[in-house]
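Below is work-v2.txt, holding compact mmCIF, C-alpha atoms.
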# COMPACT_ATOMS: atom_id res chain seq x y z
CA MET A 1 -25.89 -198.90 -96.24
CA ILE A 2 -28.43 -196.26 -97.26
CA ALA A 3 -29.09 -193.83 -94.38
CA ARG A 4 -26.39 -195.03 -91.99
CA THR A 5 -27.14 -191.79 -90.12
CA PRO A 6 -30.12 -189.40 -90.44
CA PRO A 7 -30.37 -188.10 -94.03
CA MET A 8 -29.51 -184.44 -94.61
CA GLY A 9 -30.51 -182.24 -97.52
CA TRP A 10 -32.91 -179.63 -98.88
CA ASN A 11 -36.49 -179.81 -100.16
CA THR A 12 -38.40 -177.34 -102.34
CA TRP A 13 -41.81 -177.50 -100.67
CA ASN A 14 -41.66 -175.28 -97.57
CA THR A 15 -40.54 -172.18 -99.45
CA PHE A 16 -41.54 -172.68 -103.06
CA GLY A 17 -44.58 -175.00 -103.15
CA ALA A 18 -45.62 -175.25 -106.80
CA ASP A 19 -43.36 -172.36 -107.86
CA ILE A 20 -40.39 -174.52 -108.86
CA ASN A 21 -38.16 -174.45 -111.92
CA GLU A 22 -34.86 -175.66 -113.26
CA LYS A 23 -33.01 -172.35 -112.78
CA MET A 24 -33.91 -172.12 -109.10
CA ILE A 25 -32.90 -175.74 -108.47
CA LEU A 26 -29.49 -175.35 -110.12
CA GLU A 27 -28.83 -172.09 -108.26
CA THR A 28 -29.66 -173.84 -104.99
CA VAL A 29 -27.31 -176.68 -105.86
CA ASP A 30 -24.50 -174.18 -106.47
CA THR A 31 -25.25 -172.45 -103.15
CA ILE A 32 -25.16 -175.73 -101.24
CA VAL A 33 -21.71 -176.46 -102.64
CA GLU A 34 -20.23 -172.96 -102.48
CA GLN A 35 -21.46 -171.93 -99.03
CA GLY A 36 -20.44 -175.01 -97.07
CA TYR A 37 -23.71 -176.92 -96.78
CA LYS A 38 -22.38 -179.89 -98.73
CA ASP A 39 -19.28 -180.04 -96.53
CA ALA A 40 -21.53 -179.94 -93.45
CA GLY A 41 -23.34 -183.08 -94.67
CA TYR A 42 -26.36 -181.82 -96.60
CA GLU A 43 -26.37 -184.01 -99.70
CA TYR A 44 -29.92 -184.63 -101.00
CA ILE A 45 -31.58 -182.07 -103.29
CA VAL A 46 -35.28 -183.00 -103.37
CA ILE A 47 -37.91 -181.65 -105.77
CA ASP A 48 -41.32 -182.01 -104.14
CA ASP A 49 -44.81 -181.96 -105.71
CA CYS A 50 -45.76 -180.06 -108.91
CA TRP A 51 -42.94 -181.12 -111.25
CA LEU A 52 -45.38 -182.94 -113.55
CA LEU A 53 -47.90 -182.43 -116.29
CA MET A 54 -51.48 -183.40 -115.43
CA ASP A 55 -51.54 -186.52 -117.60
CA ARG A 56 -49.28 -189.48 -118.27
CA ASP A 57 -47.96 -190.05 -121.80
CA GLU A 58 -49.10 -192.68 -124.28
CA ASN A 59 -46.86 -195.26 -122.59
CA GLY A 60 -48.31 -194.52 -119.17
CA ASP A 61 -45.17 -192.72 -117.95
CA LEU A 62 -45.13 -189.60 -115.80
CA VAL A 63 -44.25 -186.46 -117.80
CA THR A 64 -42.01 -183.65 -116.54
CA ASP A 65 -43.43 -180.15 -117.01
CA PRO A 66 -41.36 -178.77 -119.92
CA GLU A 67 -41.94 -175.15 -118.96
CA LYS A 68 -40.56 -175.62 -115.46
CA PHE A 69 -37.80 -178.04 -116.49
CA PRO A 70 -37.00 -177.37 -120.17
CA HIS A 71 -34.02 -179.73 -120.27
CA GLY A 72 -35.84 -182.54 -118.48
CA MET A 73 -35.21 -184.24 -115.15
CA LYS A 74 -32.25 -186.29 -116.36
CA TYR A 75 -30.41 -183.03 -117.02
CA VAL A 76 -31.17 -181.84 -113.47
CA ALA A 77 -30.08 -185.18 -112.02
CA ASP A 78 -26.82 -185.14 -113.98
CA TYR A 79 -26.04 -181.58 -112.85
CA ILE A 80 -26.65 -182.46 -109.20
CA HIS A 81 -24.50 -185.57 -109.47
CA SER A 82 -21.72 -183.57 -111.15
CA LYS A 83 -21.53 -181.48 -107.97
CA GLY A 84 -21.13 -184.55 -105.77
CA LEU A 85 -24.68 -184.34 -104.45
CA LYS A 86 -27.69 -186.66 -104.64
CA PHE A 87 -31.05 -186.09 -106.34
CA GLY A 88 -34.53 -186.67 -104.94
CA MET A 89 -38.00 -186.56 -106.50
CA TYR A 90 -41.59 -186.86 -105.31
CA SER A 91 -44.55 -189.12 -105.85
CA CYS A 92 -47.51 -190.29 -103.83
CA ALA A 93 -49.14 -193.54 -102.68
CA GLY A 94 -52.58 -192.26 -103.71
CA VAL A 95 -54.19 -191.96 -107.13
CA ARG A 96 -53.23 -188.26 -107.34
CA THR A 97 -50.58 -186.20 -105.58
CA CYS A 98 -51.53 -183.61 -102.98
CA GLN A 99 -51.71 -180.99 -105.73
CA GLY A 100 -53.69 -183.19 -108.11
CA PHE A 101 -50.98 -184.51 -110.42
CA PRO A 102 -50.68 -188.17 -111.54
CA SER A 103 -49.46 -190.42 -108.77
CA SER A 104 -48.10 -193.92 -108.32
CA TYR A 105 -51.04 -195.96 -107.06
CA ASP A 106 -51.08 -199.11 -109.25
CA HIS A 107 -48.09 -197.66 -111.16
CA GLU A 108 -45.41 -198.39 -108.56
CA TYR A 109 -43.07 -200.56 -110.65
CA GLN A 110 -43.44 -198.48 -113.81
CA ASP A 111 -42.72 -195.25 -111.92
CA ALA A 112 -39.81 -196.78 -110.01
CA ARG A 113 -38.20 -197.78 -113.33
CA LEU A 114 -38.68 -194.22 -114.66
CA PHE A 115 -37.13 -192.72 -111.52
CA ALA A 116 -34.16 -195.08 -111.83
CA ARG A 117 -33.64 -194.10 -115.48
CA ILE A 118 -33.64 -190.44 -114.49
CA GLY A 119 -31.06 -191.24 -111.83
CA ILE A 120 -32.76 -190.41 -108.55
CA ASP A 121 -31.20 -191.27 -105.19
CA PHE A 122 -34.21 -190.38 -103.00
CA LEU A 123 -37.97 -190.73 -103.33
CA LYS A 124 -40.38 -188.81 -101.12
CA TYR A 125 -43.63 -190.79 -101.18
CA ASP A 126 -46.69 -188.87 -99.95
CA TYR A 127 -50.19 -190.02 -98.87
CA CYS A 128 -52.80 -187.75 -100.49
CA ASN A 129 -55.87 -189.12 -102.32
CA PHE A 130 -55.29 -192.60 -100.91
CA PRO A 131 -58.28 -194.93 -101.62
CA ASN A 132 -60.33 -195.75 -98.54
CA TYR A 133 -60.34 -199.47 -99.31
CA ALA A 134 -56.57 -199.70 -99.89
CA ASN A 135 -54.07 -201.08 -97.40
CA ASN A 136 -51.64 -198.45 -96.09
CA LYS A 137 -48.83 -200.83 -95.12
CA ASN A 138 -49.09 -202.91 -98.29
CA ARG A 139 -48.88 -199.89 -100.60
CA TYR A 140 -45.73 -198.59 -98.94
CA LEU A 141 -44.29 -202.10 -99.04
CA THR A 142 -45.14 -202.26 -102.76
CA MET A 143 -43.21 -199.08 -103.57
CA SER A 144 -40.35 -200.24 -101.36
CA MET A 145 -40.14 -203.45 -103.40
CA ALA A 146 -40.49 -201.53 -106.67
CA LEU A 147 -37.54 -199.27 -105.82
CA LYS A 148 -35.41 -202.24 -104.82
CA SER A 149 -36.30 -204.05 -108.05
CA THR A 150 -34.58 -201.31 -110.09
CA GLY A 151 -31.15 -202.31 -108.81
CA ARG A 152 -30.40 -198.67 -107.94
CA ASP A 153 -29.74 -197.45 -104.38
CA ILE A 154 -32.71 -195.17 -103.71
CA LEU A 155 -33.51 -193.79 -100.28
CA PHE A 156 -37.21 -194.40 -99.60
CA SER A 157 -38.72 -191.46 -97.71
CA ALA A 158 -42.20 -192.67 -96.77
CA CYS A 159 -44.55 -189.81 -95.91
CA ASN A 160 -47.84 -191.14 -94.55
CA TRP A 161 -48.28 -188.46 -91.84
CA GLY A 162 -48.19 -190.91 -88.94
CA LYS A 163 -51.16 -192.97 -90.10
CA GLY A 164 -51.21 -196.41 -88.50
CA GLU A 165 -48.29 -195.64 -86.14
CA PRO A 166 -45.53 -196.00 -88.75
CA TRP A 167 -42.78 -196.05 -86.09
CA ASN A 168 -43.94 -199.62 -85.45
CA TRP A 169 -43.59 -200.92 -89.03
CA MET A 170 -41.95 -198.59 -91.58
CA ARG A 171 -38.49 -199.93 -90.84
CA SER A 172 -39.79 -203.47 -91.39
CA ILE A 173 -41.10 -202.71 -94.89
CA GLY A 174 -37.83 -201.17 -96.06
CA ALA A 175 -38.33 -197.41 -95.60
CA HIS A 176 -35.24 -195.37 -94.72
CA MET A 177 -37.18 -192.48 -93.17
CA TYR A 178 -40.89 -191.99 -92.49
CA ARG A 179 -43.02 -188.94 -91.79
CA SER A 180 -44.77 -189.28 -88.47
CA THR A 181 -46.62 -185.95 -88.44
CA GLY A 182 -48.83 -183.70 -90.49
CA ASP A 183 -47.24 -180.81 -92.37
CA ILE A 184 -45.13 -178.30 -90.48
CA ILE A 185 -45.83 -174.59 -90.92
CA ASP A 186 -43.52 -171.68 -90.17
CA THR A 187 -44.77 -170.91 -86.66
CA TYR A 188 -43.48 -171.74 -83.21
CA GLU A 189 -46.75 -173.45 -82.26
CA SER A 190 -46.45 -175.85 -85.20
CA PHE A 191 -43.02 -177.24 -84.44
CA ALA A 192 -43.52 -177.15 -80.64
CA ASN A 193 -46.56 -179.41 -81.06
CA ILE A 194 -44.47 -181.75 -83.23
CA ILE A 195 -41.91 -181.96 -80.43
CA ARG A 196 -44.58 -182.76 -77.83
CA LEU A 197 -46.17 -185.40 -80.05
CA GLN A 198 -43.01 -187.15 -81.20
CA ILE A 199 -40.74 -187.34 -78.14
CA ASP A 200 -42.16 -190.77 -77.30
CA ASN A 201 -41.89 -191.99 -80.90
CA MET A 202 -38.20 -191.35 -81.55
CA ASN A 203 -37.09 -194.60 -79.91
CA ALA A 204 -37.40 -196.55 -83.18
CA ASN A 205 -34.51 -194.58 -84.71
CA SER A 206 -31.50 -196.67 -85.65
CA PRO A 207 -29.11 -196.98 -88.61
CA GLY A 208 -31.09 -197.44 -91.81
CA CYS A 209 -34.42 -195.90 -90.74
CA PHE A 210 -35.33 -192.64 -88.99
CA ASN A 211 -38.45 -190.85 -87.80
CA ASP A 212 -38.95 -187.84 -90.10
CA ILE A 213 -40.67 -185.03 -88.18
CA ASP A 214 -40.87 -182.90 -91.37
CA MET A 215 -38.68 -180.41 -93.16
CA LEU A 216 -37.08 -177.58 -91.22
CA THR A 217 -38.49 -174.07 -91.40
CA VAL A 218 -35.30 -172.52 -89.99
CA GLY A 219 -34.50 -169.24 -91.76
CA MET A 220 -37.83 -168.74 -93.50
CA TYR A 221 -39.00 -165.76 -91.41
CA GLY A 222 -42.44 -165.70 -93.01
CA LYS A 223 -41.22 -166.01 -96.60
CA GLY A 224 -42.55 -169.10 -98.25
CA HIS A 225 -45.31 -171.53 -99.08
CA VAL A 226 -45.85 -172.78 -95.49
CA SER A 227 -45.34 -169.37 -93.87
CA ARG A 228 -47.83 -167.40 -91.82
CA GLU A 229 -47.89 -163.79 -90.68
CA SER A 230 -46.33 -164.69 -87.32
CA SER A 231 -43.18 -166.59 -88.18
CA CYS A 232 -40.51 -167.69 -85.72
CA THR A 233 -37.81 -165.71 -83.94
CA PHE A 234 -34.16 -166.70 -84.14
CA ASP A 235 -34.31 -168.27 -80.66
CA GLU A 236 -37.31 -170.33 -81.74
CA TYR A 237 -35.50 -171.48 -84.88
CA ALA A 238 -32.55 -172.46 -82.68
CA THR A 239 -34.92 -174.54 -80.54
CA GLN A 240 -36.33 -176.24 -83.62
CA PHE A 241 -32.93 -177.08 -85.07
CA ALA A 242 -31.61 -178.23 -81.69
CA PHE A 243 -34.49 -180.69 -81.21
CA TRP A 244 -34.25 -182.05 -84.75
CA CYS A 245 -30.51 -182.60 -84.20
CA PHE A 246 -30.81 -183.98 -80.67
CA SER A 247 -33.61 -186.39 -81.57
CA GLY A 248 -31.79 -187.85 -84.58
CA ALA A 249 -34.41 -186.68 -87.07
CA PRO A 250 -33.52 -186.19 -90.76
CA LEU A 251 -32.29 -182.65 -91.43
CA MET A 252 -34.05 -181.46 -94.58
CA MET A 253 -33.74 -177.69 -94.97
CA GLY A 254 -36.81 -175.88 -96.26
CA CYS A 255 -35.73 -172.22 -96.50
CA ASP A 256 -34.43 -170.47 -99.60
CA ILE A 257 -30.77 -170.94 -98.77
CA ARG A 258 -29.79 -168.56 -101.56
CA ASP A 259 -31.17 -165.81 -99.34
CA VAL A 260 -30.88 -167.04 -95.74
CA ASP A 261 -29.67 -164.56 -93.10
CA ASP A 262 -26.25 -164.99 -91.53
CA GLY A 263 -27.52 -166.13 -88.13
CA CYS A 264 -29.67 -168.93 -89.50
CA LYS A 265 -26.93 -169.95 -91.91
CA LYS A 266 -24.56 -170.39 -88.95
CA LEU A 267 -27.29 -172.31 -87.15
CA LEU A 268 -27.88 -174.70 -90.05
CA LEU A 269 -24.10 -175.23 -90.32
CA ASN A 270 -23.58 -175.69 -86.57
CA LYS A 271 -21.05 -178.49 -86.44
CA HIS A 272 -21.68 -179.23 -82.75
CA LEU A 273 -25.40 -179.88 -83.18
CA ILE A 274 -24.91 -181.73 -86.48
CA ALA A 275 -22.34 -183.98 -84.77
CA ILE A 276 -25.00 -185.05 -82.26
CA ASN A 277 -27.49 -185.69 -85.07
CA GLN A 278 -24.96 -187.68 -87.10
CA ASP A 279 -23.45 -189.63 -84.21
CA LEU A 280 -22.69 -193.13 -85.49
CA GLU A 281 -24.30 -194.95 -82.57
CA CYS A 282 -27.67 -193.48 -83.66
CA ARG A 283 -29.17 -194.01 -80.24
CA PRO A 284 -32.60 -192.47 -79.64
CA LEU A 285 -33.19 -189.84 -77.00
CA TYR A 286 -34.40 -190.74 -73.50
CA GLN A 287 -36.71 -188.38 -71.63
CA ALA A 288 -35.74 -188.15 -67.97
CA ASN A 289 -38.20 -189.46 -65.39
CA GLY A 290 -40.61 -186.89 -64.07
CA THR A 291 -40.15 -184.33 -66.84
CA THR A 292 -43.10 -183.18 -68.90
CA LYS A 293 -43.77 -182.57 -72.58
CA ASP A 294 -43.72 -178.81 -71.92
CA TYR A 295 -40.37 -178.93 -70.10
CA PRO A 296 -38.65 -182.06 -71.44
CA ILE A 297 -35.17 -182.88 -70.17
CA MET A 298 -33.46 -185.52 -72.28
CA ILE A 299 -30.29 -187.54 -72.53
CA ARG A 300 -28.81 -189.08 -75.65
CA PHE A 301 -25.85 -191.46 -75.56
CA LEU A 302 -23.10 -190.82 -78.11
CA GLU A 303 -19.92 -192.46 -79.33
CA ASN A 304 -16.82 -192.85 -77.15
CA GLY A 305 -18.75 -193.00 -73.89
CA GLU A 306 -19.99 -189.41 -74.19
CA PHE A 307 -23.58 -188.22 -74.04
CA ALA A 308 -25.65 -185.08 -74.62
CA LEU A 309 -28.14 -183.39 -72.32
CA ALA A 310 -30.99 -181.17 -73.48
CA PHE A 311 -33.24 -178.83 -71.46
CA PHE A 312 -36.27 -177.54 -73.39
CA ASN A 313 -38.77 -174.90 -72.29
CA LEU A 314 -41.72 -174.99 -74.68
CA LYS A 315 -43.92 -172.64 -72.63
CA ASP A 316 -44.33 -168.86 -72.74
CA ALA A 317 -42.35 -167.84 -69.63
CA ASP A 318 -38.74 -168.33 -68.53
CA ARG A 319 -38.25 -171.23 -66.13
CA THR A 320 -35.58 -172.88 -64.00
CA LEU A 321 -35.26 -176.57 -64.86
CA GLU A 322 -33.68 -179.12 -62.54
CA MET A 323 -32.12 -182.46 -63.41
CA PRO A 324 -31.26 -184.69 -60.42
CA PHE A 325 -28.41 -186.89 -61.59
CA PRO A 326 -29.81 -190.04 -59.90
CA ASP A 327 -32.58 -189.84 -62.53
CA LEU A 328 -29.77 -190.27 -65.08
CA GLY A 329 -28.37 -193.28 -63.24
CA ILE A 330 -25.54 -191.27 -61.59
CA GLN A 331 -25.65 -191.43 -57.78
CA TYR A 332 -23.62 -189.14 -55.53
CA HIS A 333 -21.86 -192.04 -53.81
CA SER A 334 -20.62 -193.38 -57.16
CA GLY A 335 -17.69 -190.98 -57.01
CA VAL A 336 -18.47 -189.94 -60.58
CA GLY A 337 -19.23 -186.45 -61.85
CA VAL A 338 -20.40 -185.02 -65.14
CA ASP A 339 -18.07 -182.74 -67.12
CA LEU A 340 -20.25 -180.43 -69.21
CA THR A 341 -19.67 -178.20 -72.24
CA GLU A 342 -22.56 -176.05 -73.43
CA ILE A 343 -23.33 -175.66 -77.13
CA LEU A 344 -24.27 -172.00 -77.24
CA LEU A 345 -27.43 -171.09 -79.15
CA THR A 346 -27.70 -167.33 -78.75
CA GLU A 347 -27.58 -165.45 -82.06
CA ASP A 348 -24.43 -163.51 -81.12
CA ARG A 349 -22.53 -166.68 -80.16
CA ILE A 350 -24.00 -169.31 -82.43
CA GLY A 351 -21.45 -171.99 -83.29
CA GLU A 352 -19.45 -171.48 -80.08
CA THR A 353 -19.12 -173.72 -77.03
CA GLU A 354 -18.36 -172.90 -73.41
CA HIS A 355 -17.09 -175.15 -70.61
CA PHE A 356 -19.85 -175.33 -68.00
CA GLY A 357 -17.87 -177.20 -65.35
CA ILE A 358 -18.20 -180.47 -63.47
CA ARG A 359 -21.44 -181.24 -61.66
CA ARG A 360 -22.07 -184.06 -59.19
CA ASP A 361 -25.54 -183.96 -57.63
CA ASP A 362 -27.74 -182.23 -60.15
CA MET A 363 -28.16 -179.33 -62.57
CA ARG A 364 -30.36 -176.27 -62.06
CA ILE A 365 -30.38 -173.95 -65.05
CA ARG A 366 -32.50 -171.09 -66.31
CA VAL A 367 -34.06 -171.65 -69.73
CA LYS A 368 -35.78 -168.84 -71.60
CA ALA A 369 -39.31 -169.26 -72.94
CA HIS A 370 -39.51 -171.06 -76.31
CA SER A 371 -35.84 -171.93 -75.93
CA CYS A 372 -33.45 -174.68 -74.92
CA ARG A 373 -29.95 -175.36 -73.64
CA ILE A 374 -27.83 -178.22 -74.99
CA PHE A 375 -24.76 -179.76 -73.37
CA ARG A 376 -22.18 -182.30 -74.44
CA ALA A 377 -21.05 -184.37 -71.46
CA LYS A 378 -18.67 -187.05 -70.26
CA LEU A 379 -18.28 -188.90 -66.98
CA VAL A 380 -15.22 -188.18 -64.83
CA THR A 381 -13.95 -189.88 -61.68
CA LEU A 382 -13.70 -187.43 -58.79
Translate the structure described by the file into structure tokens.
Amino acid sequence: MIARTPPMGWNTWNTFGADINEKMILETVDTIVEQGYKDAGYEYIVIDDCWLLMDRDENGDLVTDPEKFPHGMKYVADYIHSKGLKFGMYSCAGVRTCQGFPSSYDHEYQDARLFARIGIDFLKYDYCNFPNYANNKNRYLTMSMALKSTGRDILFSACNWGKGEPWNWMRSIGAHMYRSTGDIIDTYESFANIIRLQIDNMNANSPGCFNDIDMLTVGMYGKGHVSRESSCTFDEYATQFAFWCFSGAPLMMGCDIRDVDDGCKKLLLNKHLIAINQDLECRPLYQANGTTKDYPIMIRFLENGEFALAFFNLKDADRTLEMPFPDLGIQYHSGVGVDLTEILLTEDRIGETEHFGIRRDDMRIRVKAHSCRIFRAKLVTL
């Protein structure tokens, strides 16, 4: 099965935008292998927009920019595959890509055959310059069919920015992940708004198709194409990564991992959070009754009868959050308690866990502003 669990990888766009080239891609591939990202599960290397020339060739095929990629895309694909990784490319459902390059509208089958010849394993399919009269669902279905017609296993990453409530139909038309938001930028406000908007839309996640809430900005610190003057703090990056993991969203790194700081590297490689993201049951999160989008408290069931609890504070002041266990279906008279281990997210202890103890009635914990606390839990008989 393609995308048995949420896809993991790296995409060029957030940091590099149009400034992409073969040398940078191959260096990134080597970094992913040598610094443990591949072993952690990151496997897709995706080249976003701006890999093309402005016109198709005499046969109507897309043409790789020879200055950026002097050996051609097949060479890049072969190098990535030689490292045990998978290769992704970009096109668009409109008549031009977001940056004005040729796109796949009315060229779906021809472009799918070209991508298969190159050897791609992943197609990000954007939504810019989409004709007003065209049918959104049908055009994504058309590319889905075109990819399947090649006979090659290609993950279809449909990126229509949430138009037409794709959580209700993208799985049905064969997509493996689908963008449900506009573009993320490297600020706290950007990803916090994504969290608020998408909590209710994560319930369609299941093996084979996942809600893509955009590429991660973790580790960018204001350096990159989608950066702004006020980038995120480490604690805010930890909150972003924790929600992406907890919600079962695809984990597509967007920083320059050749130059990421040690704290964010440890965060992106956090085996405890990744284990929640990659849990084989792939159950969606459940927001506890009575909690708000600014202070969401969530549960997510995992394998082997375990579950995870998350306490998020998206506001600007520290706050004590309370979770009555009856709202989780655990009454006091049941004789059952909750054995909790916290996944620590402070920069000085990132990657560590700490036994929190057994609780019976409820939990009351202090959560810093723009932060969260994540627990792995199991039921115990008292």
| Nearby residues (all atoms listed in the file) at most 12 Å from Lys265 of chain A, same-chain spacing under 2 positions excluded, as a ChimeraX atom specification | /A:31-32,35-37,40,218-220,234,237-238,241,253,255-263,267-271,347,350-351
| query | Of the candidates A:Met202, A:Glu58, A:Glu354, A:Gly84, which one gets nearest to Tyr42 of chain A if we count all atoms listed in the file? | reply | A:Gly84
Excluding Trp167 of chain A and any residue of its chain fewer than 3 positions from it, enumerate the residues within 7 Å of it, using all atoms listed in the file, and give them as a JSON list (two decimals) with C-alpha atoms, in the frame of the given file.
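Result file part.json:
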[["chain", "number", "residue", "atom", "x", "y", "z"],
["A", 170, "MET", "CA", -41.95, -198.59, -91.58],
["A", 201, "ASN", "CA", -41.89, -191.99, -80.90],
["A", 204, "ALA", "CA", -37.40, -196.55, -83.18],
["A", 211, "ASN", "CA", -38.45, -190.85, -87.80]]
| request: Pick out the closest residue to Leu379 of chain A from this set: A:Met143, A:Ile330, A:Leu216, A:Ile365. Count only C-alpha atoms. | output: A:Ile330
Contacts of Ala116 of chain A within 12 Å, only C-alpha atoms, excl. fewer than 5 positions in-chain, as a PDB file with C-alpha atoms, in the coordinates of the input:
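So selection-v3.pdb came out as:
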ATOM      1  CA  MET A  73     -35.210-184.240-115.150  1.00  0.00           C
ATOM      2  CA  LYS A  74     -32.250-186.290-116.360  1.00  0.00           C
ATOM      3  CA  ALA A  77     -30.080-185.180-112.020  1.00  0.00           C
ATOM      4  CA  PHE A  87     -31.050-186.090-106.340  1.00  0.00           C
ATOM      5  CA  GLY A  88     -34.530-186.670-104.940  1.00  0.00           C
ATOM      6  CA  MET A  89     -38.000-186.560-106.500  1.00  0.00           C
ATOM      7  CA  TYR A 109     -43.070-200.560-110.650  1.00  0.00           C
ATOM      8  CA  GLN A 110     -43.440-198.480-113.810  1.00  0.00           C
ATOM      9  CA  ASP A 111     -42.720-195.250-111.920  1.00  0.00           C
ATOM     10  CA  ASP A 121     -31.200-191.270-105.190  1.00  0.00           C
ATOM     11  CA  PHE A 122     -34.210-190.380-103.000  1.00  0.00           C
ATOM     12  CA  LEU A 123     -37.970-190.730-103.330  1.00  0.00           C
ATOM     13  CA  ALA A 146     -40.490-201.530-106.670  1.00  0.00           C
ATOM     14  CA  LEU A 147     -37.540-199.270-105.820  1.00  0.00           C
ATOM     15  CA  LYS A 148     -35.410-202.240-104.820  1.00  0.00           C
ATOM     16  CA  SER A 149     -36.300-204.050-108.050  1.00  0.00           C
ATOM     17  CA  THR A 150     -34.580-201.310-110.090  1.00  0.00           C
ATOM     18  CA  GLY A 151     -31.150-202.310-108.810  1.00  0.00           C
ATOM     19  CA  ARG A 152     -30.400-198.670-107.940  1.00  0.00           C
ATOM     20  CA  ASP A 153     -29.740-197.450-104.380  1.00  0.00           C
ATOM     21  CA  ILE A 154     -32.710-195.170-103.710  1.00  0.00           C
ATOM     22  CA  LEU A 155     -33.510-193.790-100.280  1.00  0.00           C
TER      23      LEU A 155
END
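Counting all atoms listed in the file, His333 of chain A has the following residues at most 10 Å away, ignoring those fewer than 3 positions along the same chain: A:Ile330, A:Val336, A:Arg360, A:Asp361.
Among the candidates A:Asp55, A:Asp186, A:Glu342, A:Asp362, the one nearest to Gly222 of chain A when counting all atoms listed in the file is A:Asp186.
Proximity of A:Ser91, A:Thr187, A:Thr239, A:Thr233 to Leu52 of chain A, computed with all atoms listed in the file, is greatest for A:Ser91.
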From (-36.6, -178.5, -98.1), in the file's coordinates, out to 9 Å: which residues are reached, counting all atoms listed in the file? Answer as a PDB file with C-alpha atoms, in the coordinates of the input.
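Below is the file selection03.pdb, written as the result:
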ATOM      1  CA  GLY A   9     -30.510-182.240 -97.520  1.00  0.00           C
ATOM      2  CA  TRP A  10     -32.910-179.630 -98.880  1.00  0.00           C
ATOM      3  CA  ASN A  11     -36.490-179.810-100.160  1.00  0.00           C
ATOM      4  CA  THR A  12     -38.400-177.340-102.340  1.00  0.00           C
ATOM      5  CA  TRP A  13     -41.810-177.500-100.670  1.00  0.00           C
ATOM      6  CA  ASN A  14     -41.660-175.280 -97.570  1.00  0.00           C
ATOM      7  CA  THR A  15     -40.540-172.180 -99.450  1.00  0.00           C
ATOM      8  CA  ILE A  45     -31.580-182.070-103.290  1.00  0.00           C
ATOM      9  CA  VAL A  46     -35.280-183.000-103.370  1.00  0.00           C
ATOM     10  CA  ILE A  47     -37.910-181.650-105.770  1.00  0.00           C
ATOM     11  CA  ASP A  48     -41.320-182.010-104.140  1.00  0.00           C
ATOM     12  CA  MET A 215     -38.680-180.410 -93.160  1.00  0.00           C
ATOM     13  CA  LEU A 216     -37.080-177.580 -91.220  1.00  0.00           C
ATOM     14  CA  THR A 217     -38.490-174.070 -91.400  1.00  0.00           C
ATOM     15  CA  LEU A 251     -32.290-182.650 -91.430  1.00  0.00           C
ATOM     16  CA  MET A 252     -34.050-181.460 -94.580  1.00  0.00           C
ATOM     17  CA  MET A 253     -33.740-177.690 -94.970  1.00  0.00           C
ATOM     18  CA  GLY A 254     -36.810-175.880 -96.260  1.00  0.00           C
ATOM     19  CA  CYS A 255     -35.730-172.220 -96.500  1.00  0.00           C
ATOM     20  CA  ASP A 256     -34.430-170.470 -99.600  1.00  0.00           C
TER      21      ASP A 256
END
I'd like the contact shell of Asn160 of chain A - 6 Å cut-off, all atoms listed in the file, skipping same-chain residues fewer than 3 positions apart - returned as a PDB file with C-alpha atoms, in the coordinates of the input.
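What landed in result_24.pdb:
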ATOM      1  CA  ASP A 126     -46.690-188.870 -99.950  1.00  0.00           C
ATOM      2  CA  TYR A 127     -50.190-190.020 -98.870  1.00  0.00           C
ATOM      3  CA  LYS A 163     -51.160-192.970 -90.100  1.00  0.00           C
ATOM      4  CA  ARG A 179     -43.020-188.940 -91.790  1.00  0.00           C
TER       5      ARG A 179
END
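Atom pair atom CA of Asp49 of chain A / atom CA of Tyr79 of chain A: separated by 20.1 Å.
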| task | Have a look at A:Ser247, A:Ser206, A:Ser227, A:Gln331 and name the one nearest to Ile194 of chain A; count all atoms listed in the file. | result | A:Ser247
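Using all atoms listed in the file for every distance, the candidate list A:Leu114, A:Ala317, A:Met8, A:Cys209 yields A:Met8 as the residue closest to Lys86 of chain A.
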| task | For atom CA of Arg96 of chain A and atom CA of Phe130 of chain A, quote the distance in Å rounded to one decimal. | result | 8.0 Å
| field | Separation of atom CA of Gly182 of chain A from atom CA of Leu197 of chain A in Å | value | 10.9 Å
Can you fill out segment 136-140 of chain A with N, CA, C and O atoms and hand it back as an mmCIF file, in the frame of the given file?
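Done, and the output landed in part.cif:
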data_model
loop_
_atom_site.group_PDB
_atom_site.id
_atom_site.type_symbol
_atom_site.label_atom_id
_atom_site.label_comp_id
_atom_site.auth_asym_id
_atom_site.auth_seq_id
_atom_site.Cartn_x
_atom_site.Cartn_y
_atom_site.Cartn_z
ATOM 1 N N ASN A 136 -52.739 -199.394 -96.298
ATOM 2 C CA ASN A 136 -51.640 -198.450 -96.090
ATOM 3 C C ASN A 136 -50.283 -199.159 -96.103
ATOM 4 O O ASN A 136 -49.388 -198.825 -96.884
ATOM 5 N N LYS A 137 -50.119 -200.146 -95.240
ATOM 6 C CA LYS A 137 -48.830 -200.830 -95.120
ATOM 7 C C LYS A 137 -48.442 -201.505 -96.435
ATOM 8 O O LYS A 137 -47.288 -201.446 -96.863
ATOM 9 N N ASN A 138 -49.408 -202.169 -97.071
ATOM 10 C CA ASN A 138 -49.090 -202.910 -98.290
ATOM 11 C C ASN A 138 -48.647 -201.988 -99.410
ATOM 12 O O ASN A 138 -47.748 -202.327 -100.192
ATOM 13 N N ARG A 139 -49.246 -200.801 -99.518
ATOM 14 C CA ARG A 139 -48.880 -199.890 -100.600
ATOM 15 C C ARG A 139 -47.491 -199.299 -100.411
ATOM 16 O O ARG A 139 -46.768 -199.064 -101.386
ATOM 17 N N TYR A 140 -47.102 -199.057 -99.174
ATOM 18 C CA TYR A 140 -45.730 -198.590 -98.940
ATOM 19 C C TYR A 140 -44.739 -199.735 -99.134
ATOM 20 O O TYR A 140 -43.631 -199.528 -99.651
#
